[in-house]
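Dropping upload-v7.cif in here (mmCIF, C-alpha atoms):
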```
data_data
loop_
_atom_site.label_atom_id
_atom_site.label_comp_id
_atom_site.auth_asym_id
_atom_site.auth_seq_id
_atom_site.Cartn_x
_atom_site.Cartn_y
_atom_site.Cartn_z
CA MET A 1 65.11 22.04 28.65
CA SER A 2 67.78 20.59 30.95
CA ASN A 3 66.91 20.57 34.61
CA GLU A 4 70.50 20.89 35.73
CA TRP A 5 71.13 24.12 37.64
CA PRO A 6 73.44 26.52 35.77
CA LEU A 7 77.15 26.71 36.56
CA TRP A 8 78.52 29.73 38.46
CA GLU A 9 82.12 30.84 38.94
CA VAL A 10 83.04 32.03 42.43
CA PHE A 11 85.45 34.85 43.28
CA ILE A 12 86.49 35.70 46.85
CA ARG A 13 88.28 38.69 48.31
CA GLY A 14 90.61 37.47 51.04
CA GLN A 15 91.29 39.13 54.39
CA HIS A 16 94.13 41.39 53.36
CA GLY A 17 92.62 43.83 50.90
CA MET A 18 93.62 41.89 47.79
CA SER A 19 91.39 41.81 44.71
CA HIS A 20 88.77 39.08 44.29
CA ARG A 21 90.31 35.83 43.16
CA HIS A 22 88.74 32.88 41.35
CA VAL A 23 88.36 29.98 43.80
CA GLY A 24 86.13 27.50 41.97
CA SER A 25 82.66 26.86 40.65
CA LEU A 26 79.31 25.49 41.74
CA HIS A 27 75.77 24.90 40.50
CA ALA A 28 72.83 27.01 41.66
CA ALA A 29 69.35 27.91 40.41
CA ASP A 30 69.89 31.69 40.68
CA ALA A 31 72.33 34.35 41.89
CA GLU A 32 70.91 34.42 45.38
CA SER A 33 71.31 30.71 45.98
CA ALA A 34 74.71 30.75 44.22
CA MET A 35 75.82 33.26 46.84
CA MET A 36 74.57 31.07 49.70
CA ASN A 37 76.22 27.98 48.22
CA ALA A 38 79.49 29.85 47.65
CA ARG A 39 79.52 30.84 51.31
CA ASP A 40 79.05 27.22 52.38
CA VAL A 41 81.43 25.65 49.89
CA TYR A 42 84.27 28.18 49.77
CA THR A 43 84.37 30.15 53.04
CA ARG A 44 84.04 27.60 55.84
CA ARG A 45 87.32 28.78 57.38
CA ASN A 46 87.19 32.56 57.19
CA GLU A 47 88.73 32.60 53.72
CA GLY A 48 87.05 35.80 52.66
CA VAL A 49 85.35 39.11 53.35
CA SER A 50 83.47 39.43 50.05
CA ILE A 51 82.05 37.09 47.37
CA TRP A 52 81.29 37.57 43.67
CA VAL A 53 79.35 34.94 41.75
CA VAL A 54 79.11 35.11 37.95
CA GLU A 55 77.17 32.72 35.76
CA ALA A 56 79.85 30.80 33.84
CA ALA A 57 78.01 31.30 30.53
CA HIS A 58 78.64 35.07 30.86
CA ILE A 59 82.43 34.79 31.01
CA ALA A 60 84.34 35.42 27.80
CA ALA A 61 87.68 33.60 27.83
CA SER A 62 90.70 33.69 25.55
CA ALA A 63 91.46 30.47 23.67
CA PRO A 64 94.75 28.58 24.16
CA GLY A 65 95.51 29.22 20.45
CA ASP A 66 95.38 33.00 21.02
CA LYS A 67 98.32 32.84 23.41
CA GLY A 68 100.88 33.86 20.78
CA PRO A 69 99.12 36.88 19.25
CA LEU A 70 97.94 38.09 22.68
CA PHE A 71 101.04 37.77 24.78
CA GLU A 72 104.11 37.45 22.59
CA PRO A 73 104.32 41.13 21.56
CA ALA A 74 105.18 41.97 25.18
CA ASN A 75 108.31 39.80 25.02
CA SER A 76 110.25 42.31 22.91
CA LYS A 77 109.32 45.33 25.02
CA VAL A 78 111.82 44.91 27.81
CA TYR A 79 111.99 48.70 28.24
CA ARG A 80 108.67 48.45 30.04
CA HIS A 81 110.54 47.09 33.05
CA PRO A 82 112.43 49.45 35.37
CA THR A 83 115.50 47.19 35.31
CA PHE A 84 116.03 48.09 31.61
CA PHE A 85 117.47 51.47 32.62
CA ASP A 86 120.96 51.75 34.02
CA ILE A 87 120.90 54.55 36.62
CA PRO A 88 124.09 55.16 38.61
CA ASP A 89 123.83 54.66 42.39
CA ASP A 90 125.04 58.24 42.79
CA ALA A 91 121.71 59.49 41.45
CA GLY A 92 120.07 58.35 44.70
CA ALA A 93 116.96 56.31 45.41
CA MET A 94 114.70 55.89 42.39
CA MET B 95 88.62 9.14 49.62
CA TYR B 96 90.13 8.70 46.27
CA ALA B 97 90.24 6.43 43.30
CA GLN B 98 91.12 2.76 43.14
CA MET B 99 91.56 0.50 40.13
CA VAL B 100 90.93 3.30 37.65
CA LYS B 101 91.31 1.71 34.25
CA THR B 102 93.59 3.85 32.11
CA ALA B 103 92.14 4.33 28.63
CA GLY B 104 94.27 3.52 25.60
CA THR B 105 96.81 0.86 24.82
CA GLY B 106 99.68 1.87 27.06
CA VAL B 107 102.59 4.30 26.76
CA LYS B 108 103.37 5.19 23.14
CA LYS B 109 106.95 5.50 21.92
CA PRO B 110 107.81 9.00 20.67
CA LYS B 111 108.05 7.71 17.09
CA ASP B 112 104.43 6.51 17.26
CA MET B 113 103.08 9.81 18.58
CA THR B 114 101.43 12.50 16.47
CA ALA B 115 102.89 16.01 16.65
CA GLU B 116 100.06 17.02 19.00
CA GLU B 117 100.69 14.07 21.31
CA LYS B 118 104.41 14.83 21.39
CA ALA B 119 103.82 18.48 22.30
CA PHE B 120 101.32 17.40 24.96
CA GLN B 121 103.72 14.93 26.59
CA ALA B 122 106.57 17.48 26.42
CA LYS B 123 104.40 19.98 28.26
CA ILE B 124 103.71 17.47 31.03
CA ASP B 125 107.40 16.57 31.22
CA ARG B 126 108.20 20.29 31.71
CA ASN B 127 105.74 20.25 34.66
CA GLU B 128 103.37 22.64 32.93
CA LYS B 129 99.68 22.28 33.70
CA ILE B 130 97.10 21.13 31.17
CA GLU B 131 94.06 23.43 31.28
CA PRO B 132 90.47 22.62 30.21
CA LYS B 133 90.60 24.27 26.78
CA ASP B 134 94.05 22.90 25.88
CA TRP B 135 94.34 20.05 23.41
CA MET B 136 94.56 16.67 25.15
CA PRO B 137 94.44 13.04 23.98
CA ASP B 138 90.97 11.47 24.23
CA ASP B 139 92.38 8.72 26.46
CA TYR B 140 93.82 11.28 28.92
CA ARG B 141 90.41 12.95 29.12
CA ALA B 142 88.54 9.65 29.54
CA THR B 143 90.90 8.39 32.23
CA LEU B 144 90.71 11.65 34.17
CA ILE B 145 86.90 11.62 34.08
CA ARG B 146 86.97 8.12 35.59
CA GLN B 147 89.56 9.04 38.19
CA ILE B 148 88.23 12.44 39.32
CA GLY B 149 84.64 11.18 39.12
CA GLN B 150 85.43 8.20 41.35
CA HIS B 151 87.31 10.49 43.72
CA ALA B 152 84.29 12.84 43.92
CA HIS B 153 81.86 9.95 44.47
CA SER B 154 84.07 8.68 47.30
CA GLU B 155 83.86 12.03 49.08
CA ILE B 156 80.07 12.06 48.79
CA VAL B 157 79.46 8.42 49.76
CA GLY B 158 82.11 8.85 52.48
CA GLN B 159 79.68 11.09 54.35
CA LEU B 160 77.36 8.15 55.03
CA PRO B 161 79.41 6.06 57.49
CA GLU B 162 80.13 9.19 59.55
CA GLY B 163 76.64 10.60 59.17
CA ASN B 164 75.57 7.47 61.05
CA TRP B 165 77.13 8.92 64.23
CA LEU B 166 76.00 12.55 63.99
CA THR B 167 72.96 11.91 66.18
CA ARG B 168 74.90 9.60 68.48
CA ALA B 169 78.00 11.69 69.23
CA PRO B 170 78.85 11.58 72.96
CA THR B 171 78.96 15.37 73.51
CA LEU B 172 77.72 18.50 71.77
CA GLU B 173 81.32 19.49 70.97
CA ARG B 174 82.06 16.11 69.36
CA LYS B 175 78.84 16.45 67.38
CA ALA B 176 79.78 19.93 66.12
CA ILE B 177 83.25 18.69 65.10
CA LEU B 178 81.88 15.65 63.29
CA LEU B 179 79.29 17.81 61.55
CA ALA B 180 82.06 20.15 60.35
CA LYS B 181 84.05 17.19 59.06
CA VAL B 182 81.10 15.68 57.20
CA GLN B 183 80.36 19.09 55.70
CA ASP B 184 83.97 19.27 54.50
CA GLU B 185 83.53 15.93 52.72
CA ALA B 186 80.52 17.36 50.86
CA GLY B 187 82.68 20.36 49.91
CA HIS B 188 85.47 18.07 48.68
CA GLY B 189 82.99 16.21 46.52
CA LEU B 190 81.81 19.50 45.03
CA TYR B 191 85.35 20.77 44.26
CA LEU B 192 86.06 17.49 42.49
CA TYR B 193 82.80 17.34 40.54
CA SER B 194 83.52 20.87 39.28
CA ALA B 195 87.03 19.83 38.21
CA CYS B 196 85.59 16.80 36.44
CA GLU B 197 82.95 18.86 34.64
CA THR B 198 85.69 20.96 32.99
CA LEU B 199 86.47 17.80 30.98
CA GLY B 200 83.09 17.94 29.28
CA VAL B 201 80.93 15.62 31.40
CA SER B 202 77.88 17.08 33.18
CA ARG B 203 77.13 16.90 36.90
CA ASP B 204 73.93 14.97 36.24
CA GLU B 205 75.77 12.43 34.08
CA LEU B 206 78.30 11.88 36.85
CA THR B 207 75.58 11.52 39.48
CA GLU B 208 73.67 9.04 37.35
CA MET B 209 76.78 6.92 36.76
CA LEU B 210 77.25 6.69 40.53
CA LEU B 211 73.61 5.83 41.12
CA ASN B 212 73.44 3.10 38.48
CA GLY B 213 76.76 1.58 39.52
CA LYS B 214 78.65 2.42 36.30
CA MET B 215 81.18 4.40 38.34
CA LYS B 216 82.70 3.25 41.62
CA TYR B 217 83.67 4.88 44.89
CA SER B 218 86.36 3.79 47.33
CA SER B 219 85.87 0.29 48.75
CA ILE B 220 86.40 1.56 52.31
CA PHE B 221 82.95 3.15 52.53
CA ASN B 222 81.27 -0.22 52.13
CA TYR B 223 82.25 -1.11 55.69
CA PRO B 224 79.97 -0.24 58.62
CA THR B 225 80.83 2.11 61.51
CA LEU B 226 79.78 0.12 64.56
CA ASN B 227 80.98 2.05 67.61
CA TRP B 228 81.98 5.64 68.45
CA ALA B 229 85.68 4.76 68.23
CA ASP B 230 85.07 4.09 64.52
CA MET B 231 84.78 7.88 64.10
CA GLY B 232 88.28 8.08 65.53
CA ALA B 233 89.65 5.26 63.42
CA VAL B 234 88.04 6.59 60.22
CA GLY B 235 89.54 10.06 60.66
CA TRP B 236 92.93 8.72 61.63
CA LEU B 237 93.27 5.78 59.21
CA VAL B 238 90.90 6.46 56.31
CA ASP B 239 91.62 10.18 56.04
CA GLY B 240 95.26 9.38 56.79
CA ALA B 241 95.40 6.99 53.83
CA ALA B 242 93.61 9.55 51.67
CA ILE B 243 96.16 12.22 52.57
CA MET B 244 99.01 9.89 51.51
CA ASN B 245 97.48 9.74 48.06
CA GLN B 246 96.24 13.30 47.77
CA VAL B 247 99.38 15.17 48.78
CA PRO B 248 101.36 14.03 45.70
CA LEU B 249 98.29 14.59 43.51
CA GLN B 250 98.57 18.32 44.21
CA ARG B 251 101.31 18.16 41.55
CA THR B 252 99.16 16.33 39.01
CA SER B 253 99.25 17.56 35.39
CA TYR B 254 95.60 18.59 35.09
CA GLY B 255 95.20 22.15 36.43
CA PRO B 256 91.64 21.97 37.84
CA TYR B 257 92.34 18.61 39.55
CA SER B 258 95.57 19.93 41.02
CA ARG B 259 93.86 23.05 42.39
CA ALA B 260 91.05 20.97 43.93
CA MET B 261 93.69 18.78 45.59
CA VAL B 262 95.43 21.82 47.09
CA ARG B 263 92.18 22.97 48.72
CA ILE B 264 91.33 19.47 49.91
CA CYS B 265 94.77 18.83 51.43
CA LYS B 266 94.54 22.07 53.39
CA GLU B 267 91.35 20.84 55.04
CA GLU B 268 92.19 17.17 55.35
CA SER B 269 94.73 17.42 58.14
CA PHE B 270 91.98 18.63 60.52
CA HIS B 271 90.16 15.39 59.72
CA GLN B 272 93.04 13.15 60.59
CA ARG B 273 93.91 15.00 63.80
CA GLN B 274 90.33 15.05 65.10
CA GLY B 275 90.20 11.29 64.47
CA TYR B 276 93.43 10.61 66.32
CA ALA B 277 92.25 12.84 69.19
CA ILE B 278 89.16 10.61 69.57
CA MET B 279 91.41 7.52 69.58
CA MET B 280 93.70 9.04 72.23
CA LYS B 281 90.72 9.78 74.45
CA MET B 282 89.24 6.30 74.05
CA ALA B 283 92.55 4.46 74.41
CA ALA B 284 93.25 6.32 77.66
CA GLY B 285 89.69 5.86 78.94
CA THR B 286 87.89 3.03 80.75
CA ALA B 287 88.60 -0.62 79.92
CA ASP B 288 85.43 -0.66 77.80
CA GLN B 289 86.47 2.45 75.87
CA LYS B 290 89.91 1.00 75.20
CA ARG B 291 88.31 -2.23 74.00
CA MET B 292 86.12 -0.23 71.59
CA ALA B 293 89.19 1.62 70.26
CA GLN B 294 90.99 -1.69 69.67
CA ASP B 295 87.88 -3.14 68.02
CA ALA B 296 87.65 -0.18 65.61
CA LEU B 297 91.32 -0.51 64.73
CA ASP B 298 90.99 -4.28 64.24
CA ARG B 299 88.11 -3.88 61.80
CA LEU B 300 89.48 -0.92 59.83
CA TRP B 301 93.19 -1.77 59.53
CA PHE B 302 93.08 -4.09 56.51
CA PRO B 303 90.29 -2.22 54.69
CA SER B 304 92.46 0.94 55.06
CA LEU B 305 95.41 -0.86 53.44
CA MET B 306 93.07 -1.81 50.58
CA MET B 307 92.40 1.88 49.89
CA PHE B 308 95.71 2.07 48.02
CA GLY B 309 94.50 -0.50 45.52
CA PRO B 310 96.06 -3.82 44.61
CA SER B 311 99.77 -4.48 44.48
CA ASN B 312 101.72 -2.98 41.57
CA LYS B 313 101.93 -6.41 39.98
CA GLU B 314 98.15 -6.52 39.52
CA SER B 315 97.62 -2.84 38.83
CA VAL B 316 96.57 -2.32 35.22
CA HIS B 317 97.99 0.35 32.91
CA SER B 318 99.48 2.46 35.70
CA GLU B 319 102.56 3.19 33.57
CA GLN B 320 100.54 5.38 31.19
CA SER B 321 98.82 7.22 34.05
CA MET B 322 102.23 7.89 35.56
CA ALA B 323 103.58 9.23 32.26
CA TRP B 324 100.59 11.59 32.18
CA ARG B 325 101.24 12.55 35.81
CA ILE B 326 97.74 11.71 36.95
CA LYS B 327 99.20 8.99 39.14
CA ILE B 328 102.37 10.01 40.94
CA ASN B 329 103.35 7.03 43.15
CA THR B 330 102.72 3.31 42.90
CA ASN B 331 100.12 1.68 45.15
CA ASP B 332 102.78 -0.26 47.05
CA GLU B 333 104.95 2.82 47.68
CA LEU B 334 102.05 4.67 49.25
CA ARG B 335 100.87 1.68 51.27
CA GLN B 336 104.39 1.21 52.69
CA LYS B 337 104.56 4.88 53.63
CA PHE B 338 101.19 4.64 55.36
CA VAL B 339 102.18 1.55 57.36
CA ASP B 340 105.48 3.13 58.40
CA GLN B 341 103.71 6.24 59.63
CA THR B 342 100.84 4.46 61.36
CA VAL B 343 102.49 1.64 63.33
CA PRO B 344 104.29 4.01 65.76
CA GLN B 345 100.96 5.87 66.19
CA ILE B 346 99.31 2.57 67.21
CA GLU B 347 102.08 2.04 69.76
CA PHE B 348 101.65 5.57 71.08
CA LEU B 349 97.98 4.80 71.74
CA GLY B 350 98.94 1.63 73.61
CA LEU B 351 96.90 -0.48 71.17
CA THR B 352 97.94 -3.62 69.29
CA CYS B 353 98.50 -3.72 65.54
CA PRO B 354 95.93 -6.12 64.04
CA ASP B 355 98.68 -7.51 61.78
CA LYS B 356 100.32 -10.11 64.03
CA ASP B 357 103.31 -10.44 61.69
CA ILE B 358 104.18 -6.74 61.51
CA LYS B 359 107.93 -6.41 61.85
CA TRP B 360 110.48 -3.62 61.41
CA ASN B 361 112.91 -4.37 58.61
CA GLU B 362 116.12 -2.50 59.26
CA GLU B 363 117.49 -3.19 55.80
CA LYS B 364 114.63 -1.55 53.87
CA GLY B 365 114.00 1.02 56.59
CA GLY B 366 110.29 0.13 56.80
CA TYR B 367 107.89 -2.43 58.23
CA ASP B 368 107.21 -5.81 56.68
CA TYR B 369 103.45 -6.17 56.77
CA THR B 370 100.79 -8.66 55.72
CA ASP B 371 98.86 -7.79 52.57
CA PRO B 372 95.11 -7.46 52.98
CA ASP B 373 92.93 -10.24 51.61
CA TRP B 374 92.64 -9.17 47.98
CA SER B 375 89.77 -11.56 47.28
CA GLU B 376 87.75 -9.59 49.86
CA PHE B 377 88.76 -6.34 48.12
CA PHE B 378 87.58 -7.56 44.71
CA ALA B 379 84.34 -8.87 46.24
CA VAL B 380 83.66 -5.45 47.81
CA LEU B 381 84.38 -3.69 44.49
CA LYS B 382 81.95 -6.04 42.74
CA GLY B 383 79.21 -4.89 45.11
CA ASN B 384 79.39 -7.62 47.73
CA GLY B 385 80.79 -5.73 50.73
CA PRO B 386 78.82 -5.40 53.96
CA CYS B 387 77.22 -2.04 53.07
CA ASN B 388 77.30 -1.64 49.25
CA LYS B 389 73.53 -1.98 48.89
CA ASP B 390 72.80 0.42 51.78
CA ARG B 391 75.17 3.08 50.45
CA LEU B 392 73.76 3.05 46.93
CA ALA B 393 70.20 2.90 48.23
CA ALA B 394 70.87 5.97 50.43
CA ARG B 395 72.33 7.95 47.49
CA ASN B 396 69.49 6.91 45.18
CA ALA B 397 66.89 7.91 47.77
CA ALA B 398 68.56 11.30 48.32
CA TRP B 399 68.59 11.98 44.57
CA LYS B 400 64.99 10.86 44.05
CA ASN B 401 63.55 12.58 47.13
CA GLY B 402 65.40 15.81 46.33
CA ALA B 403 64.17 15.99 42.73
CA TRP B 404 61.11 18.15 43.51
CA VAL B 405 63.31 20.64 45.41
CA ARG B 406 65.78 20.94 42.52
CA ASP B 407 62.95 21.35 40.03
CA ALA B 408 61.04 23.84 42.19
CA MET B 409 64.10 26.05 42.70
CA LEU B 410 64.82 26.11 38.99
CA ALA B 411 61.16 26.83 38.13
CA HIS B 412 61.15 29.69 40.64
CA ALA B 413 64.39 31.13 39.24
CA ARG B 414 63.03 30.97 35.67
CA LYS B 415 59.76 32.61 36.70
CA LYS B 416 61.62 35.43 38.46
CA ALA B 417 63.90 35.95 35.44
CA ALA B 418 60.89 36.05 33.08
CA ARG B 419 59.11 38.60 35.29
CA LYS B 420 62.21 40.77 35.34
CA ALA B 421 62.46 40.58 31.54
CA VAL B 422 58.83 41.73 31.14
CA ALA B 423 59.37 44.63 33.55
CA ALA B 424 62.49 45.79 31.68
#
```
Taking this structure as input, can you express it in the form of structure tokens?
Amino acid sequence: MSNEWPLWEVFIRGQHGMSHRHVGSLHAADAESAMMNARDVYTRRNEGVSIWVVEAAHIAASAPGDKGPLFEPANSKVYRHPTFFDIPDDAGAM
Amino acid sequence: MYAQMVKTAGTGVKKPKDMTAEEKAFQAKIDRNEKIEPKDWMPDDYRATLIRQIGQHAHSEIVGQLPEGNWLTRAPTLERKAILLAKVQDEAGHGLYLYSACETLGVSRDELTEMLLNGKMKYSSIFNYPTLNWADMGAVGWLVDGAAIMNQVPLQRTSYGPYSRAMVRICKEESFHQRQGYAIMMKMAAGTADQKRMAQDALDRLWFPSLMMFGPSNKESVHSEQSMAWRIKINTNDELRQKFVDQTVPQIEFLGLTCPDKDIKWNEEKGGYDYTDPDWSEFFAVLKGNGPCNKDRLAARNAAWKNGAWVRDAMLAHARKKAARKAVAA
């Protein structure tokens, strides 16, 4: 069995109420030490108010080859954007 | 704090007619300024070169802690000590960002560490010089971090996504390093005659080694054309060195110190200084392992790795035991 500590992905919520955002990764023996390491490596300058750590092996990711089937169907559905609809100025704020 | 003399894998830039369809699409993506991400297809030579470059960059950050660590217990005031400690901690962080970026290319952290420890991978030549007086902490921050910034700012636009993102984080933190260094120099240069002499001494010893950080002149730089086509090298060594000299000479004058290069001269026509090249035979000797501190640096890293082994193993054993206990309880 390898003696390298597992890899963890680190997510931080910034000051302004935004959602957690991926900031990087690190190695740690368990969740508790991953949390401590994330604090030291990624929040030395008040970058966050909350940390998530997730073991990298538990993340399911889409493959680059899936880009077409996953995202292309949205291209033809321009009516999902508000700008698709022509509303006269006279109708007021909308 | 970055890579020098990284040998680009492969046989040089291919003409479009010699490229496979995959290689063509890959190059087109880079030319459109799109990022390459870890799971995307990439040429083996691109991957191999990046592992060398990012790995060397990471090793430089880690080994770069040693010359400054030397002064942590000797800092003149508690405030200076706290600042230096914060800077050294940043360097550890920079090493970790870069190791993580490098690992996305399929090399493990332990493999990278072992290649540093057995000398298969290099770190920047600058860290093989000693830090002999307190003003060296000023000169290192100002000149060494200054030279690193010159190289790292353009690398924020490099083609490999994880490397680019690590560079963005590092650049944000690096300017603190340079300013704290210059602040030490200002204090020393305006201090007693002895303090000013120490500041000049630090500058005298670190000037040429700082110029070496950019690597040899373009003429001697191997394969850089391919690395530039891949956008993992953005500027030539000589361009960056010139920029560094042009920025630094007025800062030396501001301190009231003397530039160690006696022949430094403003050249109106090119809009930059004419300067003396460092002694490249010294540079190659340091890279080969014959600088003043090569043996000390590698011995310190090897000792840290060896002496820390039981801690790494114990933490992992504890984590596995806890996980097993939890599994039984569930």
- request: Using the chain letters and numbers from the file, give me the residues hit by the PyMOL selection byres ((chain A) within 12 of (chain B)), as a ChimeraX atom specification.
  value: /A:1-10,22-34,37-45,47,56,61-67
- request: Determine, counting only C-alpha atoms, which protein, DNA and RNA residues have an atom within 7 Å of an atom of Phe377 (chain B); residues of the same chain fewer than 4 positions away are not included. Present the result as a ChimeraX atom specification.
  value: /B:306,373,381
query: Could you write out as a ChimeraX atom specification the residues that the PyMOL selection byres ((chain B and resi 165) around 9) matches in the shown file?
result: /B:161-164,166-169,175,178,225,227-228,231
Please produce a file of the residues just selected, as a compact mmCIF listing (two decimals), in the coordinates of the input, where the atoms kept are C-alpha atoms.
```txt
# COMPACT_ATOMS: atom_id res chain seq x y z
CA PRO B 161 79.41 6.06 57.49
CA GLU B 162 80.13 9.19 59.55
CA GLY B 163 76.64 10.60 59.17
CA ASN B 164 75.57 7.47 61.05
CA LEU B 166 76.00 12.55 63.99
CA THR B 167 72.96 11.91 66.18
CA ARG B 168 74.90 9.60 68.48
CA ALA B 169 78.00 11.69 69.23
CA LYS B 175 78.84 16.45 67.38
CA LEU B 178 81.88 15.65 63.29
CA THR B 225 80.83 2.11 61.51
CA ASN B 227 80.98 2.05 67.61
CA TRP B 228 81.98 5.64 68.45
CA MET B 231 84.78 7.88 64.10
```
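If you apply the PyMOL selection byres ((chain B and resi 368) around 12) to this structure, you end up with Asp332, Arg335, Gln336, Lys337, Val339, Asp340, Val343, Asp355, Lys356, Asp357, Ile358, Lys359, Trp360, Asn361, Glu362, Glu363, Lys364, Gly365, Gly366, Tyr367, Tyr369, Thr370 and Asp371 of chain B.
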Using 5 Å of padding on each side, determine the axis-aligned box around all atoms of region 37-55 of chain A present in the file and give its centre and edge lengths in Å to one decimal, as lines of an AutoDock Vina configuration file.
```
center_x = 82.5
center_y = 32.5
center_z = 46.6
size_x = 22.5
size_y = 23.8
size_z = 31.6
```
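We find CA of Leu199 (chain B) and CA of Asn331 (chain B) to be spaced 25.4 Å apart.
One distance worth recording is that between CA of Tyr276 (chain B) and CA of Thr352 (chain B), which is 15.2 Å.
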- prompt: Which residues, protein or nucleic acid, reach to within 10 Å of (88.5, 38.5, 49.5) in the file's coordinates when using all atoms listed in the file, and can you give that as an MDAnalysis selection string?
  reply: chainID A and resid 11:22 43 46:52
message: What's the separation between CA of Gly240 (chain B) and CA of Leu211 (chain B), in Å to one decimal place?
response: 27.0 Å
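Closest to Asn388 (chain B) among B:Arg141, B:Ile156, B:Ala103, B:Ile220 is B:Ile220, based on all atoms listed in the file.
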- request: Do a neighbour search on Ile328 (chain B) at 7 Å with all atoms listed in the file, toss out local chain neighbours closer than 6 positions, and write the hits as a count of residues only.
  value: 3
- request: Mind checking which residues fall within 8 Å of Ser269 (chain B), counting only C-alpha atoms, ignoring those fewer than 4 positions away in the same chain, and posting them as a PyMOL selection string?
  value: chain B and resi 243+265+273
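For the residues B:Glu208, B:Thr252, B:Gly275, B:Ser219, ranking by smallest atom-to-atom distance to Gly232 (chain B) using all atoms listed in the file places B:Gly275 first.
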